There are 4 protein chains.
Amino acid sequence: MSWNTKNTSPQDGDLVELVGLRHKHFIFPLKAGTSFQSHRGVIQHDDLIGLPWGSPIKSHQGSPFLLIQPALADLLRDLPRRTQILYPKDIGYILLTLGVGPGAKVTEAGTGSGALTTALAFAVGSEGKVYTYETNPDTQRQAENNLKRFGLESQVVFHNRDIREGFEESGVDALFLDLPNPYEYMQQVRQALKPGGSFGCILPTANQVILLLGVLRQARYAFVDVCEIMLRYYQAEATKFRPTDRMVAHTGFLIFARPVNIDETPESLDLLADTSSSN
Amino acid sequence: MSWNTKNTSPQDGDLVELVGLRHKHFIFPLKAGTSFQSHRGVIQHDDLIGLPWGSPIKSHQGSPFLLIQPALADLLRDLPRRTQILYPKDIGYILLTLGVGPGAKVTEAGTGSGALTTALAFAVGSEGKVYTYETNPDTQRQAENNLKRFGLESQVVFHNRDIREGFEESGVDALFLDLPNPYEYMQQVRQALKPGGSFGCILPTANQVILLLGVLRQARYAFVDVCEIMLRYYQAEATKFRPTDRMVAHTGFLIFARPVNIDETPESLDLLADTSSSN
Amino acid sequence: MSWNTKNTSPQDGDLVELVGLRHKHFIFPLKAGTSFQSHRGVIQHDDLIGLPWGSPIKSHQGSPFLLIQPALADLLRDLPRRTQILYPKDIGYILLTLGVGPGAKVTEAGTGSGALTTALAFAVGSEGKVYTYETNPDTQRQAENNLKRFGLESQVVFHNRDIREGFEESGVDALFLDLPNPYEYMQQVRQALKPGGSFGCILPTANQVILLLGVLRQARYAFVDVCEIMLRYYQAEATKFRPTDRMVAHTGFLIFARPVNIDETPESLDLLADTSSSN
Amino acid sequence: MSWNTKNTSPQDGDLVELVGLRHKHFIFPLKAGTSFQSHRGVIQHDDLIGLPWGSPIKSHQGSPFLLIQPALADLLRDLPRRTQILYPKDIGYILLTLGVGPGAKVTEAGTGSGALTTALAFAVGSEGKVYTYETNPDTQRQAENNLKRFGLESQVVFHNRDIREGFEESGVDALFLDLPNPYEYMQQVRQALKPGGSFGCILPTANQVILLLGVLRQARYAFVDVCEIMLRYYQAEATKFRPTDRMVAHTGFLIFARPVNIDETPESLDLLADTSSSN
C-alpha cells in the first residue's frame, strides 16, 4: 500500500480519497477489479486507476465525486480511533516547535490511535525514526494498522510497555507525551533526550498544567512555554464572509520545555525563569 | 556553516544559541579563536566548541548563559528581515495543511525575508526542493543570506522575477503565495501545481479574502478553507497560572484550496461548494 | 404579572424559575390552585407561593428542583422566538457602550423576538422609554407578549412599520439597529438621535460591515468602533478546570458610532479618522 | 457637578469631553469664565456652554476638537486610578448577569478606583443603592472623588473596613467581590445576599478559580458559571477591514453563583452540579 507518491494519477494499491456531495469523504486503497460503494452509487476502482488527481467522476447513479490524493490532514481526520486524537491545529505547531524534520529521531508516549505518530513518521521521512510507547495492546494494534495503511510503518518502532522504567532509546532529538500524568516522568524524559533536546506535551486541564509546571522547575527544565492554539474557521463565501457559528474552543494546553544542566545559584534560577517566552 | 546536525555538542562552524538573563537570545556560528561579546561580558568560542547542548556557561563577568541548539522556531523569530514575516503559529499549520514533508516540491512567492522559505526547505529535506519567487532584488539577497546562514540554501531555487507570466516549474506538490493580490494569479497557480495539488495563501484583510473567494469559485478551485490561527500564551508559573495579558490578535487569514477539473452542471457546482469544510 | 420584585419569596402572579436535573429550566408565572407538570413529576403552585427564593423542592415523584427568581439573562435565553436573538454577551456590552441606564430614551429596529427590547426596557426603568420598530406584525405580536410576560410592556412603545421614512421620535439618547442593511438608514438615524447621541448595530458578515463603514464616513459619523465579543465558558470543576470543548464562535460584529457636525477640511477628516479607538 | 443630563448642549457645571487629533481625550466639568488648555491650544469654557453635543470647535491655534457628552465607557477608561480597574467588556457582562437595574441594591468589595462602583451606581439609578467596602483609606478617598466627579455619589454608601466580620447590609440583590481571596468570604456573602441572590467575582489566575470552585461546592452555591470575555477590535476602515494586530488577551476569569439551601442527598448534589451551564 502506498500514499504520498509523487505520481499525477493513482495506481493499483495507492491510497485515494473520493469526495461527494454533503461533505462525504472516503479514503481507501485502490484494488484492481473491485468497486467502491456508497449510498450514492458504485464506482469501479479500474475507472480510478490512472485518472488524474483532481478529476471528477460520477457513480453509476450519476452522483458526482472528486478524486484527490488525501493530504496528511485528511488522513489524520479520518483515522480509525479508540481514543481522543490530537487535532491538526495542534500537530502543526508541535512539529514546528519541536523542530521535527527529515532525519530526526523522536520518541512519543502514548501512541493512542497514532495520529501524532503518523504526522511524526511523515515528517522525519525514511532517514528518521519514531519510537512510540503504548500500554494498551488493542490500542497499539489499531495504531499499527493505521500506520501500515499509510505506508509509514517502516519509520516507526512500536513499544507495548509502560515508560515508568524509562525509554529504551536515548539521545533522541525530541520527545512528546500525550499522557494524563507527564509530571511523573520528567526524569525519564531527561534521560531519553539528547542534551538540549525538546520536550512537549498536551494536557486538557489547568490542574494538570499547574502540577507539571511545579515539577519542570524542580527538574531543571528551561524554556518552559505554555500555550493554546485556537483555530477559527470562516465561511468560504465571497458574498457572506464571516466566522463560522461554532468552533472547537479547547483541545488542550501545549507545554514545551528543554532540560538543562544548571546549578542552584540565585542567578542561575533567575536565568531559568527568564527563558520562558511568556514571563 | 551547519545547523540541525545530530551531534550532542557544537563543533567549529555550527550555529549555536546563547540565552542570557532578561530573555536575551543570540544566534551565531562558532568560529574557533574568536569571541562572543555582549554587555553582559565575553565568552570564547573555543569554550563553546564541544560543550554539551543545554549546558550553562558564564561570561568573564560571571553572568550566566545557556548554550542550546537553536530550534527552527528560534531561527524564524531571529530572522534578519526587511518585511513582515510569517509567524510560527501560521507556518506550522501551513506545512501540515499543504502536506509538506521530505521529498516534496514546493513553490512560493514572494520570498520576503525567507521565513516560510526556511521552514519549507527544512521540511522537504535534501530530497525535496523549494522554488521561491521575489521581485525585489535586495529582499531576495537578504533571504538568500538567511538560508545560507542556516545551511539550507542547496534545497532552494531563487527566482528574481514576477510571477505574472507564470512559474518556471510545473507539477509541484504545493504552492503558497504571500502576496497582497493572489487573486490575480490563480491561472498561473493552476498551471504550476500537479493535478489536485494544494494551494495556500495568507491575507491580512477581509476585503482581500472576499476578492479571492470570488476568483477561486470562478477558477474552479475546490476544498476552499479560510481560517485563522490564534496563539494564546500562558504565564508558565505553577502558583499563578493564567493567560498572558496581551496577545497577537491577528497576523492574517489563511486560505487553502485545490484546483479541480469540474464541469458547470448544477450538481458539480453543488459539489464544489460542499468541499469547503466550513460550509 | 410581575418579575424583578424585591421580595424574598414569590407571590401569586410572580414569574418564577424551576431548575431540575439535566439542566432543565422552566420559567412561568405562579397561579394559585394550578400545578406545574414535567416528565419528572408534578409540583403545586401553592407550594411555591411564599417559599424563599433559592429553596429546593421535590416533585410528587421525588425529583429535586430549585426555585429561583429568574435573572435577566435567564429570561433572554428562554425567550419564545421566531428570529435569531442577540446573546447576553453582546447585550451587556451594547448597554454599557450606548450608556443605557435609568431614565434613558432609546430607539431600536427591528424588534425581532424582543430580546434587546427586554434588556433595554429593564435598564431604562420606569422613567425611561424604549421605542421599537418592526415590519412583521406576527413577530411584533410575539415580542409584545414576551414583554408583557416580564411586566416590562409599559416602558415600551411598539411601532409596526418601516423606518425608511424615518423614526417618529427625535432627540433619543441612543439608537440600535438589528437589521441586515443599517447602511441604508444612517440619515434617519442622525435625525432621530440627540446631538452626539450613540448609534450601534450588529451585523453577521464582513461584507455588511464594509458597506456600513463606507457609509458612516460619508455620513460624518465619528467614534466608529467595530468589535466582537467572544465568550468562553470553563468547566466549573475544581479538580478539572478547563475551557469547555466547544463555544459559540460568532454571533455578529458590533459597530458603534456617533453622528457629529464636522466640516470637510482635511484636518477635520483627520480628526474623524482619529476618533476610532482601533485606528 | 452633573453628568448624564438629558440636555442637548452642556451647561455650566456639566461634565464634557473634548476629543482632539491623535486620539487625545479630555474629560472635565465646565466652569464659566475659565479655559481649557492643551498643547494644541486654548478653548474658552464659555464657548462650550450651550454648544450642541457633537459639535466641532477649534482651539485658538486652529486645531480641531469635537465636543461630546462622555459615555459611561468613556468615564470608566478615563478614571483616575491607583489600582487595576475592571474593563468595560467585563463590566457590561457583570451587570447583565447579576441583573443589576434601576432600584437594585448591590454590595461590592473592594472598591478600588471605583470603576465597577461607577457602573453599578449608574445602573441602579436614584432608587437603588450601592454598598461598597474598601480597607485602604487612600484608595477609598480617590474612589469617592471619582464618584462625586460623575455626580453619582448619592447612590453609594462607602464603608472603609474589612469584610471578614461580614457585611453591614443584608438582603441585597447582588454582590460582587473584586478581591484576590473571595473563597474566604463565602459565608459572609451568603448572609448578605437575599435568598437566591446573585454572586459574582473576577480572578486573574486559574489557581484562584480552582480554590474558589472547591469552596463554592462546599458552601452549597449553585448555578456556578466560569467564563472569560474576550473583546476583539477591528480596524474601522472600509477598504482594509481586519482585526487589530494586538489585543488584551486576559483580564480575569469571571465567576458567578447563587447560594441555595440544598440538602446532602446524592440527588441534590447531582442537581447542584447540573446547574452549571458549562457542565
# chains A, B, ... in the order shown; residues from 1 in each chain; ligands from 1
$ interface_residues --of "chain A" --to "chain D" --cutoff "9 Å" --atoms "only C-alpha atoms" --output "list in words"
Ala206, Asn207 and Ile210 of chain A
$ residues_around --residues "Glu127 (chain D)" --least-positions-apart "6" --cutoff "8 Å" --atoms "only C-alpha atoms" --output "PyMOL selection string"
chain D and resi 102-104
$ write_last_selection --atoms "N, CA and C atoms" --output "short mmCIF file (atom, residue, chain, number, x, y, z; two decimals), in the first residue's frame"
data_model
loop_
_atom_site.label_atom_id
_atom_site.label_comp_id
_atom_site.auth_asym_id
_atom_site.auth_seq_id
_atom_site.Cartn_x
_atom_site.Cartn_y
_atom_site.Cartn_z
N PRO D 102 -32.44 49.45 37.50
CA PRO D 102 -33.00 50.51 38.35
C PRO D 102 -33.62 49.97 39.63
N GLY D 103 -33.24 50.55 40.75
CA GLY D 103 -33.84 50.17 42.03
C GLY D 103 -33.13 49.04 42.75
N ALA D 104 -32.12 48.44 42.12
CA ALA D 104 -31.45 47.30 42.76
C ALA D 104 -30.55 47.75 43.91
#
$ select_by_dssp --residues "region 7-249 of chain D" --states "alpha helix (DSSP H)" --output "CSV table (one decimal) with C-alpha atoms, in the first residue's frame"
chain,number,residue,atom,x,y,z
D,45,HIS,CA,-15.4,77.2,28.6
D,46,ASP,CA,-17.8,80.0,27.7
D,47,ASP,CA,-17.6,78.9,24.1
D,48,LEU,CA,-18.6,75.3,25.0
D,72,LEU,CA,-20.2,55.7,30.7
D,73,ALA,CA,-17.5,53.7,29.0
D,74,ASP,CA,-15.5,56.9,28.4
D,75,LEU,CA,-15.7,57.7,32.1
D,76,LEU,CA,-14.5,54.2,33.0
D,77,ARG,CA,-11.5,54.4,30.7
D,78,ASP,CA,-10.6,57.8,32.0
D,88,PRO,CA,-15.9,47.7,30.1
D,89,LYS,CA,-16.1,44.3,28.4
D,90,ASP,CA,-16.3,42.6,31.8
D,91,ILE,CA,-18.5,45.2,33.4
D,92,GLY,CA,-21.2,45.0,30.8
D,93,TYR,CA,-21.4,41.3,31.2
D,94,ILE,CA,-21.3,41.5,35.0
D,95,LEU,CA,-24.2,44.0,35.1
D,96,LEU,CA,-26.3,41.8,32.8
D,97,THR,CA,-25.5,38.5,34.5
D,98,LEU,CA,-26.1,39.9,38.1
D,115,ALA,CA,-14.8,51.7,38.2
D,116,LEU,CA,-17.4,49.0,38.9
D,117,THR,CA,-18.9,51.2,41.7
D,118,THR,CA,-19.5,53.9,39.0
D,119,ALA,CA,-21.1,51.4,36.6
D,120,LEU,CA,-23.3,50.0,39.4
D,121,ALA,CA,-24.3,53.4,40.7
D,122,PHE,CA,-25.2,54.4,37.2
D,123,ALA,CA,-27.3,51.2,36.6
D,124,VAL,CA,-29.2,51.2,39.9
D,137,PRO,CA,-8.4,54.7,53.1
D,138,ASP,CA,-6.5,56.4,50.3
D,139,THR,CA,-7.9,54.2,47.7
D,140,GLN,CA,-11.4,54.8,49.1
D,141,ARG,CA,-10.9,58.6,49.1
D,142,GLN,CA,-10.0,58.5,45.4
D,143,ALA,CA,-13.0,56.4,44.5
D,144,GLU,CA,-15.2,58.8,46.4
D,145,ASN,CA,-13.8,61.7,44.5
D,146,ASN,CA,-14.3,59.8,41.2
D,147,LEU,CA,-18.0,59.2,42.1
D,148,LYS,CA,-18.5,62.8,43.1
D,149,ARG,CA,-17.0,64.0,39.8
D,186,MET,CA,-18.4,32.8,51.0
D,187,GLN,CA,-20.3,32.5,54.3
D,188,GLN,CA,-20.3,36.3,54.6
D,189,VAL,CA,-21.6,36.6,51.1
D,190,ARG,CA,-24.4,34.2,51.8
D,191,GLN,CA,-25.5,36.2,54.8
D,192,ALA,CA,-25.5,39.4,52.8
D,206,ALA,CA,-6.6,29.6,37.4
D,207,ASN,CA,-5.2,28.7,40.8
D,208,GLN,CA,-7.6,31.1,42.5
D,209,VAL,CA,-10.5,29.9,40.4
D,210,ILE,CA,-9.7,26.3,41.4
D,211,LEU,CA,-9.7,27.2,45.1
D,212,LEU,CA,-13.0,29.1,44.8
D,213,LEU,CA,-14.7,26.3,42.9
D,214,GLY,CA,-13.9,23.9,45.8
D,215,VAL,CA,-15.3,26.3,48.4
D,216,LEU,CA,-18.4,27.1,46.3
D,217,ARG,CA,-19.4,23.5,46.1
D,218,GLN,CA,-18.8,23.0,49.9
$ residues_around --residues "Gly196 (chain A)" --least-positions-apart "3" --cutoff "6 Å" --atoms "only C-alpha atoms" --output "list in words"
Arg258 and Pro259 of chain A; Trp53, Gly54 and Ile68 of chain B
$ write_last_selection --atoms "N, CA and C atoms" --output "compact mmCIF listing (two decimals), in the first residue's frame"
# COMPACT_ATOMS: atom_id res chain seq x y z
N ARG A 258 12.87 22.41 27.71
CA ARG A 258 14.12 21.73 27.40
C ARG A 258 14.88 21.49 28.69
N PRO A 259 15.35 20.26 28.91
CA PRO A 259 16.17 20.01 30.10
C PRO A 259 17.51 20.72 29.96
N TRP B 53 25.17 20.50 24.41
CA TRP B 53 23.97 21.33 24.28
C TRP B 53 23.24 21.33 25.62
N GLY B 54 22.68 22.48 25.99
CA GLY B 54 21.92 22.56 27.24
C GLY B 54 22.78 22.89 28.43
N ILE B 68 22.34 26.45 23.72
CA ILE B 68 21.40 25.48 23.13
C ILE B 68 21.54 25.47 21.61
$ closest_residue --among "D:Trp3, D:Leu231, D:Asp225, D:Gln61" --to "Ala273 (chain D)" --atoms "only C-alpha atoms"
D:Asp225
$ atom_distance --atom1 "CA of Val172 (chain D)" --atom2 "CA of Glu153 (chain C)"
25.8 Å
$ residues_around --residues "Val248 (chain A)" --least-positions-apart "2" --cutoff "12 Å" --atoms "only C-alpha atoms" --output "JSON, numbers by chain"
{"A": [87, 89, 228, 229, 230, 231, 232, 233, 244, 245, 246, 250, 251, 252], "C": [232, 243, 244, 245, 246, 247, 248, 249]}
$ write_last_selection --atoms "C-alpha atoms" --output "short mmCIF file (atom, residue, chain, number, x, y, z; two decimals), in the first residue's frame"
data_model
loop_
_atom_site.label_atom_id
_atom_site.label_comp_id
_atom_site.auth_asym_id
_atom_site.auth_seq_id
_atom_site.Cartn_x
_atom_site.Cartn_y
_atom_site.Cartn_z
CA TYR A 87 -6.01 17.94 16.12
CA LYS A 89 -4.03 22.71 14.56
CA GLU A 228 -3.09 27.15 23.32
CA ILE A 229 -3.76 27.06 19.60
CA MET A 230 -7.23 28.24 18.64
CA LEU A 231 -8.41 27.58 15.10
CA ARG A 232 -11.24 29.72 13.81
CA TYR A 233 -12.88 28.75 10.54
CA THR A 244 -18.45 30.08 11.40
CA ASP A 245 -21.07 30.00 14.13
CA ARG A 246 -19.38 27.49 16.37
CA HIS A 250 -10.33 23.75 23.62
CA THR A 251 -8.39 20.61 22.90
CA GLY A 252 -5.56 21.06 25.37
CA ARG C 232 -15.53 31.39 26.59
CA PRO C 243 -12.30 25.60 28.93
CA THR C 244 -15.35 23.83 27.57
CA ASP C 245 -14.78 21.81 24.42
CA ARG C 246 -16.87 23.91 22.10
CA MET C 247 -18.04 27.50 22.00
CA VAL C 248 -20.14 29.95 20.06
CA ALA C 249 -17.52 31.40 17.72
#
